[in-house]
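Below is protein_32.pdb, which holds PDB, C-alpha atoms and all ligand atoms.
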```pdb
MODEL        1
ATOM      1  CA  MET V   1    -119.449  73.001  30.157  1.00  0.00           C
ATOM      2  CA  SER V   2    -119.181  72.634  26.383  1.00  0.00           C
ATOM      3  CA  ASP V   3    -115.868  72.792  24.476  1.00  0.00           C
ATOM      4  CA  TYR V   4    -117.426  74.990  21.785  1.00  0.00           C
ATOM      5  CA  PRO V   5    -117.128  78.761  22.383  1.00  0.00           C
ATOM      6  CA  PHE V   6    -120.703  79.626  21.459  1.00  0.00           C
ATOM      7  CA  GLU V   7    -122.231  76.887  23.614  1.00  0.00           C
ATOM      8  CA  ARG V   8    -119.773  77.590  26.433  1.00  0.00           C
ATOM      9  CA  HIS V   9    -120.906  81.226  26.441  1.00  0.00           C
ATOM     10  CA  LEU V  10    -124.549  80.100  26.651  1.00  0.00           C
ATOM     11  CA  ASP V  11    -123.582  77.778  29.538  1.00  0.00           C
ATOM     12  CA  HIS V  12    -122.011  80.747  31.337  1.00  0.00           C
ATOM     13  CA  LEU V  13    -125.117  82.862  30.806  1.00  0.00           C
ATOM     14  CA  ALA V  14    -127.340  80.083  32.177  1.00  0.00           C
ATOM     15  CA  LEU V  15    -125.013  79.660  35.154  1.00  0.00           C
ATOM     16  CA  ALA V  16    -125.083  83.443  35.811  1.00  0.00           C
ATOM     17  CA  ARG V  17    -128.897  83.429  35.769  1.00  0.00           C
ATOM     18  CA  ASP V  18    -128.983  80.395  38.077  1.00  0.00           C
ATOM     19  CA  CYS V  19    -126.555  81.891  40.587  1.00  0.00           C
ATOM     20  CA  ALA V  20    -128.255  85.319  40.577  1.00  0.00           C
ATOM     21  CA  ALA V  21    -131.628  83.686  41.216  1.00  0.00           C
ATOM     22  CA  LEU V  22    -130.100  81.900  44.225  1.00  0.00           C
ATOM     23  CA  GLY V  23    -128.882  85.224  45.658  1.00  0.00           C
ATOM     24  CA  ALA V  24    -125.301  85.444  44.339  1.00  0.00           C
ATOM     25  CA  ARG V  25    -123.602  88.827  44.418  1.00  0.00           C
ATOM     26  CA  LEU V  26    -122.100  90.423  41.343  1.00  0.00           C
ATOM     27  CA  ARG V  27    -118.476  89.574  42.173  1.00  0.00           C
ATOM     28  CA  THR V  28    -119.359  85.933  42.883  1.00  0.00           C
ATOM     29  CA  ILE V  29    -121.110  85.592  39.502  1.00  0.00           C
ATOM     30  CA  GLU V  30    -118.150  87.239  37.797  1.00  0.00           C
ATOM     31  CA  ILE V  31    -115.658  84.749  39.299  1.00  0.00           C
ATOM     32  CA  LEU V  32    -117.877  81.730  38.605  1.00  0.00           C
ATOM     33  CA  THR V  33    -118.700  82.538  34.989  1.00  0.00           C
ATOM     34  CA  GLY V  34    -115.865  84.719  33.719  1.00  0.00           C
ATOM     35  CA  LEU V  35    -118.476  87.165  32.396  1.00  0.00           C
ATOM     36  CA  SER V  36    -117.651  90.857  32.759  1.00  0.00           C
ATOM     37  CA  PRO V  37    -119.441  92.837  35.480  1.00  0.00           C
ATOM     38  CA  ARG V  38    -120.855  95.088  32.761  1.00  0.00           C
ATOM     39  CA  THR V  39    -122.423  92.112  30.944  1.00  0.00           C
ATOM     40  CA  ILE V  40    -123.885  90.704  34.161  1.00  0.00           C
ATOM     41  CA  VAL V  41    -125.333  94.058  35.242  1.00  0.00           C
ATOM     42  CA  CYS V  42    -126.846  94.666  31.774  1.00  0.00           C
ATOM     43  CA  LEU V  43    -128.516  91.242  31.794  1.00  0.00           C
ATOM     44  CA  LEU V  44    -129.852  91.620  35.329  1.00  0.00           C
ATOM     45  CA  ARG V  45    -131.153  95.125  34.620  1.00  0.00           C
ATOM     46  CA  ALA V  46    -132.868  93.914  31.449  1.00  0.00           C
ATOM     47  CA  ASP V  47    -134.383  90.913  33.231  1.00  0.00           C
ATOM     48  CA  ARG V  48    -135.739  92.918  36.206  1.00  0.00           C
ATOM     49  CA  ARG V  49    -136.879  89.781  38.057  1.00  0.00           C
ATOM     50  CA  ILE V  50    -133.570  89.400  39.909  1.00  0.00           C
ATOM     51  CA  PRO V  51    -132.048  92.227  41.979  1.00  0.00           C
ATOM     52  CA  ILE V  52    -128.396  93.231  41.524  1.00  0.00           C
ATOM     53  CA  ARG V  53    -126.497  92.508  44.714  1.00  0.00           C
ATOM     54  CA  GLY V  54    -123.258  94.302  45.549  1.00  0.00           C
ATOM     55  CA  ARG V  55    -120.101  93.231  47.323  1.00  0.00           C
ATOM     56  CA  PRO V  56    -120.000  89.743  48.865  1.00  0.00           C
ATOM     57  CA  PRO V  57    -119.270  89.417  52.589  1.00  0.00           C
ATOM     58  CA  ASN V  58    -115.471  89.434  52.699  1.00  0.00           C
ATOM     59  CA  THR V  59    -114.912  87.433  55.871  1.00  0.00           C
ATOM     60  CA  PRO V  60    -113.279  84.098  55.041  1.00  0.00           C
ATOM     61  CA  GLU V  61    -112.851  83.348  58.765  1.00  0.00           C
ATOM     62  CA  TRP V  62    -116.595  83.405  59.451  1.00  0.00           C
ATOM     63  CA  TYR V  63    -116.850  79.621  59.516  1.00  0.00           C
ATOM     64  CA  HIS V  64    -114.514  79.316  62.506  1.00  0.00           C
ATOM     65  CA  SER V  65    -116.448  81.866  64.575  1.00  0.00           C
ATOM     66  CA  GLY V  66    -119.849  80.475  63.551  1.00  0.00           C
ATOM     67  CA  THR V  67    -122.319  78.797  65.866  1.00  0.00           C
ATOM     68  CA  LEU V  68    -122.851  75.060  66.078  1.00  0.00           C
ATOM     69  CA  LEU V  69    -125.854  75.377  63.751  1.00  0.00           C
ATOM     70  CA  ASP V  70    -123.770  77.428  61.268  1.00  0.00           C
ATOM     71  CA  ARG V  71    -121.065  74.761  61.212  1.00  0.00           C
ATOM     72  CA  SER V  72    -123.579  71.930  60.903  1.00  0.00           C
ATOM     73  CA  GLU V  73    -125.302  73.556  57.935  1.00  0.00           C
ATOM     74  CA  ALA V  74    -121.972  74.423  56.313  1.00  0.00           C
ATOM     75  CA  SER V  75    -121.015  70.749  56.596  1.00  0.00           C
ATOM     76  CA  ILE V  76    -124.338  69.692  55.044  1.00  0.00           C
ATOM     77  CA  PHE V  77    -123.775  72.013  52.064  1.00  0.00           C
ATOM     78  CA  VAL V  78    -120.145  71.005  51.550  1.00  0.00           C
ATOM     79  CA  SER V  79    -120.948  67.280  51.771  1.00  0.00           C
ATOM     80  CA  GLY V  80    -123.442  67.708  48.914  1.00  0.00           C
ATOM     81  CA  TYR V  81    -120.980  69.790  46.898  1.00  0.00           C
ATOM     82  CA  ARG V  82    -118.193  67.217  47.420  1.00  0.00           C
ATOM     83  CA  ARG V  83    -120.526  64.394  46.330  1.00  0.00           C
ATOM     84  CA  LEU V  84    -121.305  66.172  43.048  1.00  0.00           C
ATOM     85  CA  ARG V  85    -117.600  66.881  42.449  1.00  0.00           C
ATOM     86  CA  ASP V  86    -116.737  63.240  43.126  1.00  0.00           C
ATOM     87  CA  LEU V  87    -119.375  62.256  40.551  1.00  0.00           C
ATOM     88  CA  GLY V  88    -117.439  64.254  37.964  1.00  0.00           C
ATOM     89  CA  PHE V  89    -119.295  67.581  37.911  1.00  0.00           C
ATOM     90  CA  GLN V  90    -117.167  70.680  37.392  1.00  0.00           C
ATOM     91  CA  ALA V  91    -117.000  73.071  40.329  1.00  0.00           C
ATOM     92  CA  ALA V  92    -119.095  75.918  38.873  1.00  0.00           C
ATOM     93  CA  PRO V  93    -122.114  73.832  37.794  1.00  0.00           C
ATOM     94  CA  ALA V  94    -121.878  71.768  41.019  1.00  0.00           C
ATOM     95  CA  LEU V  95    -122.230  74.858  43.228  1.00  0.00           C
ATOM     96  CA  PRO V  96    -125.865  75.854  42.457  1.00  0.00           C
ATOM     97  CA  GLY V  97    -126.921  72.198  42.452  1.00  0.00           C
ATOM     98  CA  ALA V  98    -125.403  71.581  45.882  1.00  0.00           C
ATOM     99  CA  PHE V  99    -126.865  74.841  47.185  1.00  0.00           C
ATOM    100  CA  ARG V 100    -130.378  73.828  46.080  1.00  0.00           C
ATOM    101  CA  HIS V 101    -129.926  70.487  47.826  1.00  0.00           C
ATOM    102  CA  TYR V 102    -128.823  72.309  50.982  1.00  0.00           C
ATOM    103  CA  LEU V 103    -131.906  74.585  50.832  1.00  0.00           C
ATOM    104  CA  ALA V 104    -134.120  71.510  50.510  1.00  0.00           C
ATOM    105  CA  VAL V 105    -132.518  69.878  53.565  1.00  0.00           C
ATOM    106  CA  CYS V 106    -132.422  73.024  55.750  1.00  0.00           C
ATOM    107  CA  ARG V 107    -135.615  74.555  54.434  1.00  0.00           C
ATOM    108  CA  SER V 108    -136.973  75.897  57.740  1.00  0.00           C
ATOM    109  CA  HIS V 109    -134.298  78.547  58.462  1.00  0.00           C
ATOM    110  CA  PRO V 110    -131.328  78.235  56.075  1.00  0.00           C
ATOM    111  CA  ARG V 111    -128.308  80.030  57.560  1.00  0.00           C
ATOM    112  CA  ILE V 112    -125.863  79.773  54.642  1.00  0.00           C
ATOM    113  CA  SER V 113    -126.219  82.299  51.816  1.00  0.00           C
ATOM    114  CA  PHE V 114    -125.109  81.491  48.278  1.00  0.00           C
ATOM    115  CA  ASP V 115    -122.030  83.689  48.720  1.00  0.00           C
ATOM    116  CA  ARG V 116    -121.106  81.833  51.921  1.00  0.00           C
ATOM    117  CA  ALA V 117    -121.568  78.538  50.067  1.00  0.00           C
ATOM    118  CA  PHE V 118    -119.302  79.832  47.283  1.00  0.00           C
ATOM    119  CA  ASP V 119    -116.683  80.751  49.886  1.00  0.00           C
ATOM    120  CA  LEU V 120    -116.886  77.300  51.509  1.00  0.00           C
ATOM    121  CA  ALA V 121    -116.499  75.545  48.137  1.00  0.00           C
ATOM    122  CA  ARG V 122    -113.442  77.551  47.162  1.00  0.00           C
ATOM    123  CA  GLN V 123    -111.850  77.103  50.590  1.00  0.00           C
ATOM    124  CA  LEU V 124    -112.405  73.366  50.191  1.00  0.00           C
ATOM    125  CA  ASP V 125    -110.987  73.056  46.677  1.00  0.00           C
ATOM    126  CA  GLY V 126    -108.460  75.919  46.611  1.00  0.00           C
ATOM    127  CA  ILE V 127    -110.085  77.498  43.544  1.00  0.00           C
ATOM    128  CA  TRP V 128    -111.726  80.779  42.480  1.00  0.00           C
ATOM    129  CA  GLU V 129    -108.927  83.101  43.678  1.00  0.00           C
ATOM    130  CA  VAL V 130    -108.055  80.947  46.692  1.00  0.00           C
ATOM    131  CA  ALA V 131    -104.490  79.629  46.327  1.00  0.00           C
ATOM    132  CA  GLU V 132    -104.809  76.417  48.350  1.00  0.00           C
ATOM    133  CA  PRO V 133    -107.444  74.504  50.324  1.00  0.00           C
ATOM    134  CA  GLY V 134    -108.023  75.787  53.849  1.00  0.00           C
ATOM    135  CA  LEU V 135    -110.912  73.495  54.755  1.00  0.00           C
ATOM    136  CA  ALA V 136    -111.348  69.736  54.442  1.00  0.00           C
ATOM    137  CA  LEU V 137    -114.108  67.209  54.963  1.00  0.00           C
ATOM    138  CA  HIS V 138    -113.531  64.785  57.794  1.00  0.00           C
ATOM    139  CA  THR V 139    -115.569  61.675  58.606  1.00  0.00           C
ATOM    140  CA  CYS V 140    -116.553  61.463  62.267  1.00  0.00           C
ATOM    141  CA  GLY V 141    -115.364  58.295  63.977  1.00  0.00           C
ATOM    142  CA  SER V 142    -118.440  58.273  66.227  1.00  0.00           C
ATOM    143  CA  CYS V 143    -121.446  59.069  64.016  1.00  0.00           C
ATOM    144  CA  SER V 144    -119.867  58.638  60.527  1.00  0.00           C
ATOM    145  CA  SER V 145    -121.139  62.091  59.436  1.00  0.00           C
ATOM    146  CA  ARG V 146    -118.883  64.196  57.235  1.00  0.00           C
ATOM    147  CA  TYR V 147    -118.059  67.599  58.670  1.00  0.00           C
ATOM    148  CA  LEU V 148    -115.826  70.530  57.806  1.00  0.00           C
ATOM    149  CA  THR V 149    -112.562  71.044  59.556  1.00  0.00           C
ATOM    150  CA  VAL V 150    -109.364  73.001  59.031  1.00  0.00           C
ATOM    151  CA  VAL V 151    -106.843  71.334  56.733  1.00  0.00           C
ATOM    152  CA  GLY V 152    -104.331  69.378  58.795  1.00  0.00           C
ATOM    153  CA  ALA V 153    -106.372  69.498  61.996  1.00  0.00           C
ATOM    154  CA  ALA V 154    -105.852  66.424  64.131  1.00  0.00           C
ATOM    155  CA  SER V 155    -108.888  64.131  64.134  1.00  0.00           C
ATOM    156  CA  ARG V 156    -110.268  63.440  67.565  1.00  0.00           C
ATOM    157  CA  SER V 157    -113.156  61.012  67.418  1.00  0.00           C
ATOM    158  CA  GLY V 158    -116.374  62.924  67.955  1.00  0.00           C
ATOM    159  CA  SER V 159    -114.782  65.886  69.730  1.00  0.00           C
ATOM    160  CA  ASP V 160    -114.963  68.325  66.777  1.00  0.00           C
ATOM    161  CA  CYS V 161    -118.016  66.873  65.064  1.00  0.00           C
ATOM    162  CA  PRO V 162    -120.920  69.384  65.051  1.00  0.00           C
ATOM    163  CA  PHE V 163    -123.432  66.568  64.499  1.00  0.00           C
ATOM    164  CA  CYS V 164    -122.306  64.679  67.611  1.00  0.00           C
ATOM    165  CA  LYS V 165    -122.679  67.940  69.565  1.00  0.00           C
ATOM    166  CA  LEU V 166    -126.126  68.552  68.054  1.00  0.00           C
ATOM    167  CA  LYS V 167    -127.171  65.028  68.963  1.00  0.00           C
ATOM    168  CA  ALA V 168    -126.064  65.581  72.571  1.00  0.00           C
ATOM    169  CA  ARG V 169    -127.988  68.874  72.762  1.00  0.00           C
ATOM    170  CA  TYR V 170    -131.073  67.900  70.777  1.00  0.00           C
ATOM    171  CA  PHE V 171    -133.400  66.895  73.621  1.00  0.00           C
ATOM    172  CA  HIS V 172    -132.349  69.811  75.851  1.00  0.00           C
ATOM    173  CA  ASP V 173    -132.210  72.706  73.372  1.00  0.00           C
ATOM    174  CA  PRO V 174    -135.481  73.910  71.761  1.00  0.00           C
ATOM    175  CA  ARG V 175    -133.535  75.971  69.191  1.00  0.00           C
ATOM    176  CA  VAL V 176    -131.922  72.816  67.833  1.00  0.00           C
ATOM    177  CA  GLN V 177    -135.281  71.001  67.811  1.00  0.00           C
ATOM    178  CA  VAL V 178    -136.894  73.845  65.839  1.00  0.00           C
ATOM    179  CA  HIS V 179    -134.026  73.924  63.419  1.00  0.00           C
ATOM    180  CA  PHE V 180    -133.937  70.192  62.755  1.00  0.00           C
ATOM    181  CA  PRO V 181    -137.524  69.044  63.379  1.00  0.00           C
ATOM    182  CA  SER V 182    -138.008  65.303  63.580  1.00  0.00           C
ATOM    183  CA  ALA V 183    -140.109  63.688  60.862  1.00  0.00           C
ATOM    184  CA  PRO V 184    -143.747  63.217  61.979  1.00  0.00           C
ATOM    185  CA  LEU V 185    -144.821  59.651  62.713  1.00  0.00           C
ATOM    186  CA  PRO V 186    -147.309  58.158  60.224  1.00  0.00           C
ATOM    187  CA  ASP V 187    -150.990  58.252  61.165  1.00  0.00           C
ATOM    188  CA  LEU V 188    -151.556  54.675  62.369  1.00  0.00           C
ATOM    189  CA  SER V 189    -155.279  54.757  61.505  1.00  0.00           C
ATOM    190  CA  CYS V 190    -154.330  55.560  57.864  1.00  0.00           C
ATOM    191  CA  LEU V 191    -151.814  52.738  57.939  1.00  0.00           C
ATOM    192  CA  GLU V 192    -154.542  50.324  59.156  1.00  0.00           C
ATOM    193  CA  TRP V 193    -156.946  51.374  56.375  1.00  0.00           C
ATOM    194  CA  SER V 194    -154.164  51.089  53.831  1.00  0.00           C
ATOM    195  CA  LEU V 195    -153.386  47.505  54.919  1.00  0.00           C
ATOM    196  CA  ILE V 196    -157.102  46.530  54.836  1.00  0.00           C
ATOM    197  CA  LEU V 197    -157.488  48.034  51.361  1.00  0.00           C
ATOM    198  CA  ARG V 198    -154.381  46.253  50.083  1.00  0.00           C
ATOM    199  CA  THR V 199    -155.604  42.907  51.529  1.00  0.00           C
ATOM    200  CA  ARG V 200    -159.003  43.324  49.798  1.00  0.00           C
ATOM    201  CA  LEU V 201    -157.357  44.201  46.486  1.00  0.00           C
ATOM    202  CA  ASP V 202    -155.076  41.170  46.782  1.00  0.00           C
ATOM    203  CA  GLU V 203    -158.101  38.952  47.524  1.00  0.00           C
ATOM    204  CA  GLN V 204    -159.945  40.283  44.445  1.00  0.00           C
ATOM    205  CA  ALA V 205    -156.895  39.782  42.273  1.00  0.00           C
ATOM    206  CA  ALA V 206    -156.457  36.166  43.451  1.00  0.00           C
TER     207      ALA V 206
HETATM  208 ZN    ZN F   1    -120.092  62.831  64.867  1.00  0.00          ZN
ENDMDL
END
```
Let me see whether you can do it: turn the structure in this file into structure tokens.
Amino acid sequence: MSDYPFERHLDHLALARDCAALGARLRTIEILTGLSPRTIVCLLRADRRIPIRGRPPNTPEWYHSGTLLDRSEASIFVSGYRRLRDLGFQAAPALPGAFRHYLAVCRSHPRISFDRAFDLARQLDGIWEVAEPGLALHTCGSCSSRYLTVVGAASRSGSDCPFCKLKARYFHDPRVQVHFPSAPLPDLSCLEWSLILRTRLDEQAA
């Protein structure tokens, strides 16, 4: 964000448009940008491409009662958000960037809405009307994945890690396989033709 008031206001408008396009509710945009609800509603009504969404889901405990897939995807989002923050990005601009990355990774059936992602980020950093962090990222001692856990929770190698649990269930649970499909193997006949072509080109170049 710029230090100059005019440019900072333009940054806030761009951020509001970005967040609304990703599905953010009015209150979430208001907290992220500092723009008044009236301004946001006027802009969204004038734009017409993006619907105005009402109250965000007010259930900060949802993460703890979520399914294994919910917790895995939440950890994927928060890991991306944390990486951007560690690179020096401010929290508000980092949020839509991390959410887009999450959508790209979990593109088949994303389970985390933008408002949920906002809630996770503020529980992690203790910002945006949250007094202190309630969630933390922990690195699994078994698979080295980073996953969300409650602040101060004792680390037990592998026992709380959603990715270790997914790995154990993967070959027995079709829902997990559908959700995290394995990458298709390359067509070996194409690979053979590619190697032949490359050899011929190398021979011609010699
Ligand atoms: Zn693990």
For ligand ZN 1 (chain F), collect every residue having any atom at a distance of at most 9 Å from a ligand atom (counting all atoms listed in the file); output as a list in words.
->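 Protein and nucleic-acid residues within 9 Å of ligand ZN 1 (chain F): Thr139, Cys140, Gly141, Ser142, Cys143, Ser144, Ser145, Arg146, Tyr147, Ser157, Gly158, Ser159, Asp160, Cys161, Pro162, Phe163, Cys164, Lys165, Leu166 and Lys167 of chain V.
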Counting only C-alpha atoms, write as JSON, numbers by chain all protein and nucleic acid residues lying at most 8 Å from (-108.9, 77.3, 55.7) in the file's frame.
-> {"V": [61, 123, 124, 133, 134, 135, 150, 151]}
Compare V:Ile52, V:Leu10, V:Ile76, V:Leu84 by their minimum atom-to-atom distance to Gly97 (chain V), counting all atoms listed in the file, and give me the closest one.
->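 Nearest to Gly97 (chain V): V:Leu84.
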Evaluate the PyMOL selection byres (((chain V and resi 109-117) around 8) and not hetatm) and record the selected residues as a PyMOL selection string, following the chain and residue labels used in the document.
-> chain V and resi 19+22-25+28+56-57+70+73-74+77-78+95+99+103+106-108+118-121+179
Pick the closest to Gly152 (chain V) from V:Ser36, V:Leu137, V:Gly66, V:Ala98: which is it, counting all atoms listed in the file?
->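 For Gly152 (chain V), the nearest of the candidates is V:Leu137.
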Rounded to one decimal place, report the CA of Pro37 (chain V)-CA of Ile127 (chain V) distance in Å.
->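 The value is 19.7 Å.
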Would you mind listing what lies within 12 Å of Pro93 (chain V) as a PyMOL selection string, with all atoms listed in the file counted and same-chain residues fewer than 6 positions away left out?
-> chain V and resi 1-2+11-19+29+32-33+81+84-85+99-100+118+121
Just-selected residues, C-alpha atoms written as an mmCIF file, in the coordinates of the input:
```
data_model
loop_
_atom_site.group_PDB
_atom_site.id
_atom_site.type_symbol
_atom_site.label_atom_id
_atom_site.label_comp_id
_atom_site.auth_asym_id
_atom_site.auth_seq_id
_atom_site.Cartn_x
_atom_site.Cartn_y
_atom_site.Cartn_z
ATOM 1 C CA MET V 1 -119.449 73.001 30.157
ATOM 2 C CA SER V 2 -119.181 72.634 26.383
ATOM 3 C CA ASP V 11 -123.582 77.778 29.538
ATOM 4 C CA HIS V 12 -122.011 80.747 31.337
ATOM 5 C CA LEU V 13 -125.117 82.862 30.806
ATOM 6 C CA ALA V 14 -127.340 80.083 32.177
ATOM 7 C CA LEU V 15 -125.013 79.660 35.154
ATOM 8 C CA ALA V 16 -125.083 83.443 35.811
ATOM 9 C CA ARG V 17 -128.897 83.429 35.769
ATOM 10 C CA ASP V 18 -128.983 80.395 38.077
ATOM 11 C CA CYS V 19 -126.555 81.891 40.587
ATOM 12 C CA ILE V 29 -121.110 85.592 39.502
ATOM 13 C CA LEU V 32 -117.877 81.730 38.605
ATOM 14 C CA THR V 33 -118.700 82.538 34.989
ATOM 15 C CA TYR V 81 -120.980 69.790 46.898
ATOM 16 C CA LEU V 84 -121.305 66.172 43.048
ATOM 17 C CA ARG V 85 -117.600 66.881 42.449
ATOM 18 C CA PHE V 99 -126.865 74.841 47.185
ATOM 19 C CA ARG V 100 -130.378 73.828 46.080
ATOM 20 C CA PHE V 118 -119.302 79.832 47.283
ATOM 21 C CA ALA V 121 -116.499 75.545 48.137
#
```
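Separating CA of Ile31 (chain V) from CA of Val130 (chain V) is a distance of 11.3 Å.
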Give me the residues within 9 Å of region 44-49 of chain V as an MDAnalysis selection string, counting all atoms listed in the file and dropping any in the same chain fewer than 4 places off.
-> chainID V and resid 17 20:21 39:40
